file structure_13.txt (compact mmCIF, C-alpha atoms)
# COMPACT_ATOMS: atom_id res chain seq x y z
CA MET A 1 74.29 188.55 102.17
CA PRO A 2 70.92 190.35 102.12
CA ALA A 3 71.10 194.15 102.34
CA VAL A 4 69.00 194.27 105.51
CA PHE A 5 71.79 192.62 107.48
CA ILE A 6 74.10 194.87 109.47
CA GLN A 7 77.71 194.08 110.29
CA THR A 8 78.48 195.05 113.86
CA LYS A 9 81.82 196.12 115.26
CA PHE A 10 82.48 192.60 116.54
CA GLY A 11 81.90 190.99 113.16
CA LEU A 12 78.43 189.52 113.76
CA TRP A 13 75.81 189.72 111.07
CA LEU A 14 72.47 190.69 112.52
CA ASP A 15 69.00 191.41 111.23
CA ARG A 16 65.77 192.18 113.04
CA GLU A 17 64.95 188.48 113.46
CA GLN A 18 68.16 187.91 115.37
CA ILE A 19 67.80 190.71 117.92
CA ILE A 20 65.52 190.22 120.89
CA VAL A 21 64.79 193.21 123.05
CA LYS A 22 64.63 192.29 126.70
CA GLU A 23 64.12 194.72 129.52
CA GLY A 24 65.52 193.98 132.93
CA SER A 25 68.00 191.22 133.41
CA VAL A 26 69.58 190.46 130.06
CA GLU A 27 72.10 188.03 131.51
CA LEU A 28 69.30 185.96 133.04
CA GLY A 29 67.75 185.86 129.59
CA LEU A 30 71.01 184.44 128.29
CA TRP A 31 70.75 181.60 130.80
CA GLN A 32 67.03 180.92 130.40
CA TYR A 33 66.71 180.59 126.65
CA PRO A 34 69.02 178.27 124.68
CA ASP A 35 68.54 180.15 121.41
CA LEU A 36 70.01 183.32 122.93
CA VAL A 37 73.70 183.18 122.04
CA ALA A 38 75.05 186.56 123.07
CA ALA A 39 74.05 189.85 124.65
CA VAL A 40 74.86 193.48 123.96
CA ASP A 41 74.17 195.36 127.15
CA ILE A 42 75.33 197.93 129.65
CA VAL A 43 77.69 197.21 132.51
CA ASN A 44 77.75 199.91 135.13
CA THR A 45 80.94 200.83 136.92
CA GLY A 46 81.28 198.61 140.00
CA ASP A 47 78.53 196.23 138.91
CA THR A 48 80.20 192.89 139.65
CA ALA A 49 77.19 190.61 140.25
CA ARG A 50 76.29 190.32 136.60
CA ILE A 51 79.92 189.97 135.52
CA ASN A 52 80.05 186.72 137.49
CA LYS A 53 77.20 185.26 135.45
CA VAL A 54 78.52 185.96 131.98
CA GLN A 55 81.77 186.23 130.08
CA ILE A 56 82.44 189.65 128.66
CA ILE A 57 83.92 189.16 125.20
CA GLU A 58 84.19 192.81 124.18
CA PRO A 59 84.21 195.09 127.23
CA GLU A 60 84.11 198.48 125.55
CA LEU A 61 81.84 198.52 122.53
CA ILE A 62 80.86 202.00 123.68
CA ASN A 63 81.93 204.04 126.71
CA PHE A 64 79.30 206.39 128.13
CA ALA A 65 80.45 209.33 130.23
CA GLY A 66 77.41 209.42 132.52
CA ALA A 67 74.28 211.45 133.17
CA VAL A 68 73.47 214.29 130.76
CA TRP A 69 70.92 217.08 130.40
CA VAL A 70 68.53 216.48 127.50
CA ARG A 71 65.68 218.34 125.82
CA ARG A 72 63.65 217.94 122.66
CA ILE A 73 65.19 219.61 119.61
CA ASN A 74 63.68 223.10 119.34
CA GLY A 75 62.14 222.58 122.77
CA ILE A 76 61.98 225.15 125.58
CA MET B 1 86.25 231.47 161.81
CA GLN B 2 88.86 232.01 159.15
CA ASN B 3 88.50 228.38 158.14
CA GLN B 4 84.72 228.70 157.85
CA GLU B 5 85.10 231.78 155.64
CA SER B 6 87.56 230.06 153.34
CA ILE B 7 85.28 227.02 153.06
CA LYS B 8 82.40 229.33 152.15
CA LEU B 9 84.52 231.10 149.52
CA ILE B 10 85.57 227.80 147.91
CA SER B 11 81.97 226.64 147.94
CA LYS B 12 80.82 229.80 146.14
CA GLN B 13 83.59 229.43 143.59
CA GLU B 14 82.66 225.80 142.93
CA SER B 15 79.02 226.77 142.57
CA GLN B 16 79.95 229.41 139.99
CA GLU B 17 82.10 226.89 138.12
CA ILE B 18 79.11 224.54 137.87
CA LYS B 19 76.94 227.39 136.55
CA ASN B 20 79.60 228.23 133.96
CA LYS B 21 79.69 224.59 132.90
CA PHE B 22 75.90 224.43 132.37
CA PRO B 23 74.90 227.89 131.04
CA LEU B 24 71.97 226.64 128.94
CA VAL B 25 70.56 224.42 131.68
CA ASP B 26 70.90 227.22 134.23
CA ARG B 27 68.94 229.57 131.95
CA ILE B 28 66.22 227.01 131.11
CA LEU B 29 65.66 226.08 134.76
CA LYS B 30 64.68 229.69 135.46
CA GLN B 31 61.87 229.67 132.91
CA PRO B 32 58.30 229.80 134.35
CA GLY B 33 56.46 226.48 134.56
CA ILE B 34 59.46 224.38 133.56
CA ARG B 35 58.73 220.62 133.67
CA LEU B 36 61.83 218.68 134.67
CA GLY B 37 62.17 214.87 134.53
CA ILE B 38 64.71 212.84 136.50
CA PRO B 39 65.18 209.05 136.84
CA LYS B 40 63.47 207.49 139.84
CA LYS B 41 65.91 204.55 139.97
CA GLY B 42 69.62 204.06 139.25
CA LEU B 43 70.83 207.62 138.72
CA PHE B 44 68.23 209.04 141.11
CA LYS B 45 70.30 209.67 144.26
CA ASP B 46 73.23 211.33 142.48
CA THR B 47 70.85 213.37 140.35
CA TRP B 48 68.91 214.59 143.39
CA ARG B 49 72.10 215.63 145.18
CA SER B 50 73.48 217.37 142.10
CA LEU B 51 70.24 219.24 141.51
CA ARG B 52 70.08 220.41 145.11
CA GLU B 53 73.73 221.42 145.37
CA ASN B 54 74.19 223.02 141.96
CA PHE B 55 70.92 223.91 140.27
CA ILE B 56 67.77 224.05 142.43
CA TYR B 57 68.70 225.30 145.88
CA ASP B 58 65.20 225.13 147.38
CA LEU B 59 64.85 221.36 146.95
CA ARG B 60 64.52 219.66 150.33
CA SER B 61 67.74 218.16 151.62
CA GLU B 62 66.45 214.67 152.41
CA ILE B 63 66.12 212.34 149.47
CA PRO B 64 62.51 211.17 149.01
CA ILE B 65 61.95 207.42 149.26
CA VAL B 66 60.37 206.15 146.07
CA LYS B 67 58.31 203.08 147.01
CA ASP B 68 55.71 202.76 144.32
CA GLU B 69 57.19 201.05 141.24
CA ASP B 70 54.62 202.37 138.79
CA ARG B 71 53.40 205.71 140.07
CA ARG B 72 55.10 208.84 138.82
CA LEU B 73 56.06 211.21 141.62
CA SER B 74 56.25 214.97 141.23
CA PHE B 75 57.37 217.94 143.31
CA SER B 76 57.06 221.66 142.77
CA PHE B 77 60.19 223.81 142.94
CA GLY B 78 61.38 227.40 142.55
CA ASP B 79 59.38 230.63 142.49
CA PHE B 80 57.99 230.21 138.97
CA GLY B 81 55.86 227.06 139.17
CA GLY B 82 58.51 224.54 138.19
CA GLU B 83 57.58 220.86 138.37
CA LEU B 84 60.03 218.04 139.04
CA MET B 85 58.89 214.58 137.93
CA LEU B 86 60.44 211.23 138.90
CA ASP B 87 59.92 208.45 136.38
CA ARG B 88 61.62 205.59 134.54
CA GLN B 89 64.27 206.79 132.10
CA ARG B 90 62.48 205.49 129.00
CA ASP B 91 59.19 207.09 130.14
CA ILE B 92 61.02 210.39 130.65
CA LEU B 93 62.41 210.17 127.12
CA GLU B 94 58.92 209.47 125.80
CA GLY B 95 57.66 212.47 127.81
CA LEU B 96 60.34 214.67 126.21
CA ASN B 97 59.43 213.37 122.78
CA ARG B 98 55.70 214.09 123.32
CA GLY B 99 56.40 217.53 124.82
CA VAL B 100 55.06 216.86 128.33
CA ILE B 101 58.55 217.18 129.83
CA ASP B 102 60.79 220.15 128.91
CA LEU B 103 64.15 219.15 130.31
CA ALA B 104 65.55 215.94 131.80
CA VAL B 105 68.55 214.25 133.34
CA ILE B 106 69.14 210.95 131.54
CA GLY B 107 71.95 208.39 131.31
CA GLU B 108 74.02 208.93 128.17
CA ASP B 109 73.34 205.31 127.15
CA GLU B 110 69.57 205.86 127.16
CA TYR B 111 69.98 209.22 125.39
CA TRP B 112 71.92 207.69 122.49
CA GLU B 113 69.59 204.69 122.24
CA ALA B 114 66.69 207.13 121.88
CA ARG B 115 68.58 209.35 119.40
CA VAL B 116 69.64 206.45 117.20
CA GLY B 117 66.08 205.10 117.45
CA GLY B 118 64.79 208.33 115.89
CA MET B 119 63.74 210.57 118.79
CA MET B 120 64.40 214.27 118.13
CA LEU B 121 66.45 215.00 121.24
CA GLU B 122 69.56 217.04 121.98
CA GLN B 123 72.09 217.06 124.78
CA LEU B 124 72.71 220.35 126.57
CA ASP B 125 76.03 221.47 128.01
CA GLY B 126 78.38 218.87 129.55
CA THR B 127 78.00 215.64 131.49
CA LEU B 128 77.08 215.73 135.16
CA GLY B 129 80.07 213.68 136.32
CA PHE B 130 78.36 210.52 137.60
CA GLY B 131 76.76 207.37 136.15
CA SER B 132 79.45 206.31 133.68
CA CYS B 133 78.96 202.87 132.11
CA ARG B 134 80.09 200.63 129.23
CA MET B 135 78.29 198.71 126.54
CA CYS B 136 79.65 195.14 126.34
CA LEU B 137 79.29 191.98 124.30
CA GLU B 138 78.62 189.00 126.58
CA VAL B 139 78.10 185.26 126.31
CA ARG B 140 77.22 182.59 128.89
CA GLU B 141 79.94 181.63 131.31
CA GLY B 142 81.41 178.35 130.11
CA SER B 143 80.55 178.82 126.44
CA SER B 144 83.14 179.53 123.78
CA ASN B 145 84.50 183.05 123.79
CA LYS B 146 85.83 182.89 120.25
CA LEU B 147 84.22 185.32 117.85
CA GLN B 148 84.02 182.77 115.04
CA ASP B 149 82.08 180.39 117.33
CA ILE B 150 79.67 183.17 118.41
CA ARG B 151 79.26 184.18 114.77
CA ALA B 152 78.47 180.59 113.80
CA SER B 153 75.99 180.23 116.68
CA LEU B 154 74.13 183.35 115.58
CA ILE B 155 73.23 181.74 112.24
CA THR B 156 70.51 179.90 114.16
CA GLY B 157 70.61 181.67 117.54
CA LYS B 158 69.70 185.16 118.67
CA LEU B 159 71.33 188.15 120.33
CA VAL B 160 69.56 189.72 123.31
CA THR B 161 69.78 193.40 124.21
CA GLY B 162 68.00 196.23 125.94
CA TYR B 163 69.52 198.59 123.37
CA PRO B 164 68.38 197.38 119.93
CA SER B 165 69.07 200.63 118.08
CA LEU B 166 72.65 200.90 119.31
CA ALA B 167 73.28 197.16 118.83
CA ARG B 168 72.27 197.43 115.18
CA CYS B 169 74.55 200.36 114.40
CA LEU B 170 77.85 199.21 115.88
CA HIS B 171 79.69 199.37 112.59
CA PRO B 172 83.38 198.57 112.24
CA ASN B 173 85.67 201.53 112.99
call {"tool": "encode", "arguments": {"input": "structure_13.txt", "output": "structure tokens"}}
result
Amino acid sequence: MPAVFIQTKFGLWLDREQIIVKEGSVELGLWQYPDLVAAVDIVNTGDTARINKVQIIEPELINFAGAVWVRRINGI
Amino acid sequence: MQNQESIKLISKQESQEIKNKFPLVDRILKQPGIRLGIPKKGLFKDTWRSLRENFIYDLRSEIPIVKDEDRRLSFSFGDFGGELMLDRQRDILEGLNRGVIDLAVIGEDEYWEARVGGMMLEQLDGTLGFGSCRMCLEVREGSSNKLQDIRASLITGKLVTGYPSLARCLHPN
């Protein structure tokens, strides 16, 4: 396996060629393009519309607590 | 009357608790000419309410209607020339990175995507208590949900994401 590949938590081997960045509706992208096999994306609490369009294989890759305050390091 | 007084007392106490929870933010917001960025979609309504109730008391009570998809909106606030800017989360992060925004409210998902992607950002104090979400692995409805099948499909197929930096670093354990 080439060193540039990265093993993800769910056991998939990915490199830059295999990841497509898509803004907006990722699940629609899954349906539109046959070469898109899976998606890693955010599901918001209570967001059921998108759940009906896809199967969630791993529901909690990461849990995010919510909105946070952010500044640049060494900023004001 | 007694009831009104007790409600007022509780409200003051809650307000002080919020200030204690965000000491750095509270101090920074009082600096002259502070430029504050908040999301104009998604987290916007909760952020506006939280700002008005807990941090910037002179913000107007009604929530502004953001109609223009592209135009950045800004408001002045406070007695020291503070500026509040409404923008897309990724544009706010870019503004922080370039130094045109000093402080921002951002979803933790977008914050970590930017951090892992190399932006020099830091989180201040705690979370605001709204906007929780989960990062998931998804496939089309009707396709196989077995990991070995997905793994085999990805030899020729692709994975789609809005979070490429986080997707690449989801290591085991």
call {"tool": "residues_around", "arguments": {"input": "structure_13.txt", "residues": "region 97-99 of chain B", "least_positions_apart": "4", "cutoff": "12 Å", "atoms": "only C-alpha atoms", "output": "mmCIF file with C-alpha atoms, keeping the file's coordinate frame"}}
result
data_model
loop_
_atom_site.group_PDB
_atom_site.id
_atom_site.type_symbol
_atom_site.label_atom_id
_atom_site.label_comp_id
_atom_site.auth_asym_id
_atom_site.auth_seq_id
_atom_site.Cartn_x
_atom_site.Cartn_y
_atom_site.Cartn_z
ATOM 1 C CA VAL A 70 68.530 216.480 127.500
ATOM 2 C CA ARG A 71 65.680 218.340 125.820
ATOM 3 C CA ARG A 72 63.650 217.940 122.660
ATOM 4 C CA ILE A 73 65.190 219.610 119.610
ATOM 5 C CA ASN A 74 63.680 223.100 119.340
ATOM 6 C CA GLY A 75 62.140 222.580 122.770
ATOM 7 C CA ILE A 76 61.980 225.150 125.580
ATOM 8 C CA ILE B 34 59.460 224.380 133.560
ATOM 9 C CA ARG B 35 58.730 220.620 133.670
ATOM 10 C CA LEU B 36 61.830 218.680 134.670
ATOM 11 C CA GLY B 37 62.170 214.870 134.530
ATOM 12 C CA ARG B 90 62.480 205.490 129.000
ATOM 13 C CA ASP B 91 59.190 207.090 130.140
ATOM 14 C CA ILE B 92 61.020 210.390 130.650
ATOM 15 C CA LEU B 93 62.410 210.170 127.120
ATOM 16 C CA LEU B 103 64.150 219.150 130.310
ATOM 17 C CA ALA B 104 65.550 215.940 131.800
ATOM 18 C CA TYR B 111 69.980 209.220 125.390
ATOM 19 C CA ALA B 114 66.690 207.130 121.880
ATOM 20 C CA ARG B 115 68.580 209.350 119.400
ATOM 21 C CA GLY B 117 66.080 205.100 117.450
ATOM 22 C CA GLY B 118 64.790 208.330 115.890
ATOM 23 C CA MET B 119 63.740 210.570 118.790
ATOM 24 C CA MET B 120 64.400 214.270 118.130
ATOM 25 C CA LEU B 121 66.450 215.000 121.240
ATOM 26 C CA GLU B 122 69.560 217.040 121.980
#
call {"tool": "closest_atom_pairs", "arguments": {"input": "structure_13.txt", "of": "chain B", "to": "chain A", "cutoff": "8 Å", "atoms": "all atoms listed in the file", "output": "CSV"}}
result
residue,atom,partner,partner_atom,distance
B:Val25,CA,A:Trp69,CA,7.5
B:Ile28,CA,A:Ile76,CA,7.2
B:Leu43,CA,A:Ala67,CA,7.6
B:Leu96,CA,A:Arg72,CA,5.9
B:Asn97,CA,A:Arg72,CA,6.2
B:Gly99,CA,A:Arg72,CA,7.6
B:Asp102,CA,A:Arg71,CA,6.1
B:Leu103,CA,A:Arg71,CA,4.8
B:Ala104,CA,A:Val70,CA,5.3
B:Val105,CA,A:Trp69,CA,4.7
B:Ile106,CA,A:Ala67,CA,5.4
B:Gly107,CA,A:Ala67,CA,4.3
B:Glu108,CA,A:Gly66,CA,5.5
B:Asp109,CA,A:Phe64,CA,6.1
B:Tyr111,CA,A:Val70,CA,7.7
B:Met120,CA,A:Ile73,CA,5.6
B:Leu121,CA,A:Arg72,CA,4.3
B:Glu122,CA,A:Ile73,CA,5.6
B:Gln123,CA,A:Val70,CA,4.5
B:Leu124,CA,A:Trp69,CA,5.3
B:Asp125,CA,A:Trp69,CA,7.1
B:Gly126,CA,A:Val68,CA,6.8
B:Thr127,CA,A:Val68,CA,4.8
B:Leu128,CA,A:Ala67,CA,5.5
B:Gly129,CA,A:Gly66,CA,6.3
B:Phe130,CA,A:Gly66,CA,5.3
B:Gly131,CA,A:Gly66,CA,4.2
B:Ser132,CA,A:Gly66,CA,3.9
B:Cys133,CA,A:Asn44,CA,4.4
B:Arg134,CA,A:Asn63,CA,4.6
B:Met135,CA,A:Ile42,CA,4.4
B:Cys136,CA,A:Pro59,CA,4.6
B:Leu137,CA,A:Val40,CA,4.7
B:Glu138,CA,A:Ile56,CA,4.4
B:Val139,CA,A:Ala38,CA,4.6
B:Arg140,CA,A:Val54,CA,4.8
B:Glu141,CA,A:Val54,CA,4.6
B:Gly142,CA,A:Gln55,CA,7.9
B:Asn145,CA,A:Ile57,CA,6.3
B:Leu147,CA,A:Phe10,CA,7.6
B:Ile150,CA,A:Val37,CA,7.0
B:Arg151,CA,A:Leu12,CA,5.5
B:Ser153,CA,A:Val37,CA,6.5
B:Leu154,CA,A:Val37,CA,6.5
B:Thr156,CA,A:Asp35,CA,7.5
B:Gly157,CA,A:Asp35,CA,4.6
B:Lys158,CA,A:Gln18,CA,4.6
B:Leu159,CA,A:Ala38,CA,4.9
B:Val160,CA,A:Ala39,CA,4.7
B:Thr161,CA,A:Val40,CA,5.1
B:Gly162,CA,A:Lys22,CA,5.2
B:Tyr163,CA,A:Asp41,CA,6.8
B:Pro164,CA,A:Val21,CA,6.3
B:Ala167,CA,A:Val40,CA,6.5
B:Arg168,CA,A:Ile6,CA,6.5
B:Cys169,CA,A:Thr8,CA,6.6
B:Leu170,CA,A:Thr8,CA,4.7
B:His171,CA,A:Thr8,CA,4.7
B:Pro172,CA,A:Lys9,CA,4.2
B:Asn173,CA,A:Lys9,CA,7.0
call {"tool": "atom_distance", "arguments": {"input": "structure_13.txt", "atom1": "CA of Asp87 (chain B)", "atom2": "CA of Ile56 (chain B)"}}
result
18.5 Å
call {"tool": "atom_distance", "arguments": {"input": "structure_13.txt", "atom1": "CA of Leu84 (chain B)", "atom2": "CA of Lys45 (chain B)"}}
result
14.2 Å
call {"tool": "atom_distance", "arguments": {"input": "structure_13.txt", "atom1": "CA of Pro32 (chain B)", "atom2": "CA of Gly81 (chain B)"}}
result
6.1 Å
call {"tool": "residues_around", "arguments": {"input": "structure_13.txt", "residues": "Lys30 (chain B)", "least_positions_apart": "6", "cutoff": "9 Å", "atoms": "only C-alpha atoms", "output": "JSON, numbers by chain"}}
result
{"B": [78, 79, 80, 82]}
